[in-house]
Amino acid sequence: CYMNYKPVEKKTAPLSRPVEKMQEQYRRTMRRLLRHKGLVMLASVALLALSIVLALNLRTELMGEDDMGQITVTVETKPGLQMEIVEGILNRAEAVVSADPNVEDYLTQTGGGGLGGSMSSNPTVTAYLRKDRDMETDDVVKLWRKELETIPNCNITVSANSTIGSMMGTSDTYQVILQSTNYDSLKADSDRIVAALDARPEVTKVHSDLENAAPVVKVRVNPIKAKAAGLSAAQIGGTLNSMLSGVSPASLEIDGRDVDIKVEYDKDRYKTLSQVQNIVLQTPTGGAVARTDVADLVFEDSPSTIRRQDKQYRVTITGTYTDKATETTEKQLQTEVVAPQLTQGVSIAMNSMQKSMQKEFTNLGKAIAMAIFLVFVVMACQFESPKFSIMVMTTVPFCLIGAFGLLWIVDSAISMTSLLGFLMLVGTVVNNGILYVDTVNQYRQTMDMETAMIEAGATRLRPILMTTLTTVLSMLPMALALGDSGETTQGLALVNIGGLTASTILALLMLPAYYSVMNRGGKQSLMAD
């Protein structure tokens with residue numbers, strides 16, 4: 001194509017003059033910087049340390065959330081509530097949702113009826129927001145939480161839906177998982193932690209999945225007193241069961257079928273716990289003994305489900321952050337509330353999503369390390385010198401400064417997509433270093449080392465800027481989170497834009513100092529290499 005069309009570069013292009021001025025300014029700047037090589041290298045190390053500090057303060061998540069405009073309201077009522085009361089609570093929740101002008105439609109779902117007319121599962125209200133809404137979904141969630149938290153006899157959870165989700169729970173929800181091989185110790189510790197968290201102003205609606213799930217009456221038999229009266233625990237339990245649930249003394253045959261005859265007391269005879277307390281038990285010898293003399297009756301929580309994982313019992317404690325919560329609240333609660341309440345044998349566990357995130361981050365970290373090694377090997381073969389390869393590899397830390405810095409400025413979390421962006425950067429940021437080092441090596445054949453370093457940067461300034469700008473501009477739509485899945489892939493674009501921008505600037509300004517320090521022998525050192 002070049003031979004056929006014989007293109008000629010136009011000196012009157014709109015950006016020709018600005019680039020020439022940048023080249024002239026670059027030559028003046030580099031002459032001053034090369035006189036302070038130690039200061040330049042110290043500044044690069046300080047910037048790298050700053051980037052690590054920023055990285056430690058960034059949030060982590062498996063995948064980024066998308067604003068799908070959907071909100072789920074889950075109503076968890078107290079055990080034993082009648083359907084009419086649950087329906088009234090649900091109506092109040094529906095009223096809050098339907099009154100919001102940002103809601104286009106909503107769907108209410110309830111479970112089937114349980115024993116005694118109670119609800120057997122938690123009702124949910126799914127709201128679909130308008131596309132032209134005047135509030136963000138997260139803002140609507142926070143508004144509804146404040147309006148719904150005043151409804152009594154229930155625990156209402158409001159969360160935004162996402163196609164992928166953060167996999168770590170919502171940012172407005174506190175969660176801690178405890179595990180132990182001893183169920184009683186785990187239950188006791190979780191009850192103390194719930195009580196301690198209730199006293200903290202940073203969280204509200206604190207709840208454990210082991211507390212108050214299905215309260216029952218428990219009979220605690222005193223074996224010594226019972227044996228003295230001629231009774232056993234099984235006899236006491238059978239007698240109480242017969243008095244409360246009735247007995248079937250006989251059966252009738254009706255139309256060829258056996259029908260049991262059940263005899264039981266009037267439903268109001270043993271309706272309350274105080275009435276059961278006064279039961280008198282018959283002994284095998286024909287005597288009688290008061291129930292209070294041989295057994296105690298107490299209310300006790302009986303969880304509807306007991307979770308075990310890796311041969312250990314697990315309990316999840318959740319709560320909703322209040323307006324007084326800050327970014328450090330979670331760590332403070334862990335150290336000031338949870339950790340002091342744990343006894344021997346009880347520990348804090350990671351949930352499945354945290355384990356998945358740890359595994360994926362580890363795998364991506366290994367992939368990035370392998371990519372860095374392969375890039376180093378390729379450059380060592382190309383330059384036939386590990387020294388030049390090491391110089392080019394200094395551009396990789398430069399990219400961390402811009403990548404972590406831009407993530408921190410935008411308040412974007414480190415996720416799988418952002419780590420994929422780092423994996424891409426390993427192969428792209430070294431391009432500028434390769435171009436610069438190779439040009440310096442060519443110029444040193446006819447120039448002294450300082451002039452070669454300055455002219456190499458000035459000569460390659462335009463192609464380096466062109467390649468960087470084309471990549472950065474192509475990533476801008478993704479960085480602005482345009483489209484339905486924009487927020488999911490936003491981290492990848494931010495890492496590439498920040499990393500390439502910082503690496504380009506720092507490579508042009510700081511790479512000459514590294515080159516000069518590692519090649520003090522002038523032309524002769526190049527011939528030796």
# chains A, B, ... in the order shown; residues from 1 in each chain; ligands from 1
call {"tool": "select_by_dssp", "arguments": {"residues": "region 129-261 of chain A", "states": "strand (DSSP E or B)", "output": "NGL selection string"}}
result
:A and (129 or 154-160 or 173-180 or 203-208 or 216-221 or 247-254 or 257-261)
call {"tool": "closest_atom_pairs", "arguments": {"of": "region 392-497 of chain A", "to": "region 354-364 of chain A", "cutoff": "9 Å", "atoms": "only C-alpha atoms", "output": "tab-separated table"}}
result
residue	atom	partner	partner_atom	distance
A:Ser415	CA	A:Phe361	CA	8.2
A:Met416	CA	A:Phe361	CA	7.0
A:Leu419	CA	A:Leu364	CA	6.8
A:Leu420	CA	A:Leu364	CA	7.5
A:Leu423	CA	A:Leu364	CA	8.0
call {"tool": "atom_distance", "arguments": {"atom1": "CA of Asp198 (chain A)", "atom2": "CA of Glu327 (chain A)"}}
result
19.1 Å
call {"tool": "closest_residue", "arguments": {"among": "A:Glu9, A:Glu253, A:Glu20, A:Asp293", "to": "Ala458 (chain A)", "atoms": "only C-alpha atoms"}}
result
A:Glu20
call {"tool": "closest_residue", "arguments": {"among": "A:Gly457, A:Met466, A:Met393, A:Ala507", "to": "Val377 (chain A)", "atoms": "only C-alpha atoms"}}
result
A:Met393
call {"tool": "select_by_dssp", "arguments": {"residues": "region 406-480 of chain A", "states": "alpha helix (DSSP H)", "output": "MDAnalysis selection string"}}
result
chainID A and resid 406:410 416:443 449:459 461:479
call {"tool": "write_last_selection", "arguments": {"atoms": "C-alpha atoms", "output": "PDB file, in the first residue's frame"}}
result
ATOM      1  CA  LEU A 406      -8.747   5.665  39.181  1.00  0.00           C
ATOM      2  CA  LEU A 407     -10.638   2.861  40.962  1.00  0.00           C
ATOM      3  CA  TRP A 408     -10.305   4.816  44.203  1.00  0.00           C
ATOM      4  CA  ILE A 409     -11.442   8.100  42.628  1.00  0.00           C
ATOM      5  CA  VAL A 410     -14.526   6.504  41.037  1.00  0.00           C
ATOM      6  CA  MET A 416     -13.132 -10.280  38.687  1.00  0.00           C
ATOM      7  CA  THR A 417     -13.571  -7.888  35.760  1.00  0.00           C
ATOM      8  CA  SER A 418     -11.053  -5.403  37.166  1.00  0.00           C
ATOM      9  CA  LEU A 419      -8.534  -8.230  37.683  1.00  0.00           C
ATOM     10  CA  LEU A 420      -9.095  -9.230  34.059  1.00  0.00           C
ATOM     11  CA  GLY A 421      -8.204  -5.627  33.234  1.00  0.00           C
ATOM     12  CA  PHE A 422      -4.888  -6.073  35.076  1.00  0.00           C
ATOM     13  CA  LEU A 423      -4.301  -9.258  33.081  1.00  0.00           C
ATOM     14  CA  MET A 424      -4.779  -7.271  29.869  1.00  0.00           C
ATOM     15  CA  LEU A 425      -2.515  -4.471  31.101  1.00  0.00           C
ATOM     16  CA  VAL A 426       0.443  -6.820  31.524  1.00  0.00           C
ATOM     17  CA  GLY A 427       0.591  -7.283  27.762  1.00  0.00           C
ATOM     18  CA  THR A 428      -0.188  -3.686  26.754  1.00  0.00           C
ATOM     19  CA  VAL A 429       1.744  -1.423  29.127  1.00  0.00           C
ATOM     20  CA  VAL A 430       5.076  -3.003  28.186  1.00  0.00           C
ATOM     21  CA  ASN A 431       4.584  -1.897  24.571  1.00  0.00           C
ATOM     22  CA  ASN A 432       5.629   1.661  25.350  1.00  0.00           C
ATOM     23  CA  GLY A 433       8.679   0.428  27.229  1.00  0.00           C
ATOM     24  CA  ILE A 434       9.682  -1.894  24.397  1.00  0.00           C
ATOM     25  CA  LEU A 435       9.316   0.904  21.857  1.00  0.00           C
ATOM     26  CA  TYR A 436      11.357   3.307  23.963  1.00  0.00           C
ATOM     27  CA  VAL A 437      14.186   0.920  24.909  1.00  0.00           C
ATOM     28  CA  ASP A 438      14.533  -0.378  21.360  1.00  0.00           C
ATOM     29  CA  THR A 439      14.731   3.170  19.981  1.00  0.00           C
ATOM     30  CA  VAL A 440      17.340   4.177  22.577  1.00  0.00           C
ATOM     31  CA  ASN A 441      19.449   1.157  21.636  1.00  0.00           C
ATOM     32  CA  GLN A 442      19.330   2.203  17.969  1.00  0.00           C
ATOM     33  CA  TYR A 443      20.170   5.856  18.654  1.00  0.00           C
ATOM     34  CA  MET A 449      23.573   7.919  25.885  1.00  0.00           C
ATOM     35  CA  GLU A 450      21.915  11.037  27.311  1.00  0.00           C
ATOM     36  CA  THR A 451      21.054  12.447  23.885  1.00  0.00           C
ATOM     37  CA  ALA A 452      19.829   9.030  22.744  1.00  0.00           C
ATOM     38  CA  MET A 453      17.509   8.721  25.732  1.00  0.00           C
ATOM     39  CA  ILE A 454      16.058  12.199  25.255  1.00  0.00           C
ATOM     40  CA  GLU A 455      15.636  11.915  21.482  1.00  0.00           C
ATOM     41  CA  ALA A 456      14.141   8.422  21.727  1.00  0.00           C
ATOM     42  CA  GLY A 457      11.384   9.703  24.004  1.00  0.00           C
ATOM     43  CA  ALA A 458      10.776  12.790  21.844  1.00  0.00           C
ATOM     44  CA  THR A 459      10.748  10.796  18.594  1.00  0.00           C
ATOM     45  CA  LEU A 461       6.169  10.513  21.761  1.00  0.00           C
ATOM     46  CA  ARG A 462       3.613  10.720  18.970  1.00  0.00           C
ATOM     47  CA  PRO A 463       3.182   6.969  18.276  1.00  0.00           C
ATOM     48  CA  ILE A 464       3.083   6.263  22.034  1.00  0.00           C
ATOM     49  CA  LEU A 465       0.375   8.900  22.519  1.00  0.00           C
ATOM     50  CA  MET A 466      -1.566   7.607  19.502  1.00  0.00           C
ATOM     51  CA  THR A 467      -1.616   4.004  20.676  1.00  0.00           C
ATOM     52  CA  THR A 468      -2.525   5.021  24.236  1.00  0.00           C
ATOM     53  CA  LEU A 469      -5.285   7.431  23.193  1.00  0.00           C
ATOM     54  CA  THR A 470      -6.915   4.958  20.818  1.00  0.00           C
ATOM     55  CA  THR A 471      -7.125   2.362  23.578  1.00  0.00           C
ATOM     56  CA  VAL A 472      -8.297   4.833  26.232  1.00  0.00           C
ATOM     57  CA  LEU A 473     -10.958   6.381  23.990  1.00  0.00           C
ATOM     58  CA  SER A 474     -12.278   2.977  22.962  1.00  0.00           C
ATOM     59  CA  MET A 475     -12.675   2.097  26.660  1.00  0.00           C
ATOM     60  CA  LEU A 476     -14.573   5.286  27.578  1.00  0.00           C
ATOM     61  CA  PRO A 477     -18.098   3.958  26.791  1.00  0.00           C
ATOM     62  CA  MET A 478     -17.422   0.953  28.998  1.00  0.00           C
ATOM     63  CA  ALA A 479     -15.955   3.140  31.750  1.00  0.00           C
TER      64      ALA A 479
END
call {"tool": "atom_distance", "arguments": {"atom1": "CA of Glu24 (chain A)", "atom2": "CA of Thr394 (chain A)"}}
result
25.3 Å
call {"tool": "atom_distance", "arguments": {"atom1": "CA of Asn57 (chain A)", "atom2": "CA of Thr173 (chain A)"}}
result
19.4 Å
call {"tool": "closest_residue", "arguments": {"among": "A:Gln332, A:Ser51, A:Asn91, A:Gln382", "to": "Gly498 (chain A)", "atoms": "only C-alpha atoms"}}
result
A:Ser51
call {"tool": "closest_residue", "arguments": {"among": "A:Gly491, A:Gly405, A:Gly499, A:Gly246", "to": "Ala49 (chain A)", "atoms": "only C-alpha atoms"}}
result
A:Gly405
call {"tool": "closest_residue", "arguments": {"among": "A:Leu178, A:Leu90, A:Pro14, A:Val392", "to": "Val75 (chain A)", "atoms": "only C-alpha atoms"}}
result
A:Leu90
call {"tool": "closest_residue", "arguments": {"among": "A:Cys381, A:Ala250, A:Pro284, A:Ala367", "to": "Gln235 (chain A)", "atoms": "only C-alpha atoms"}}
result
A:Pro284
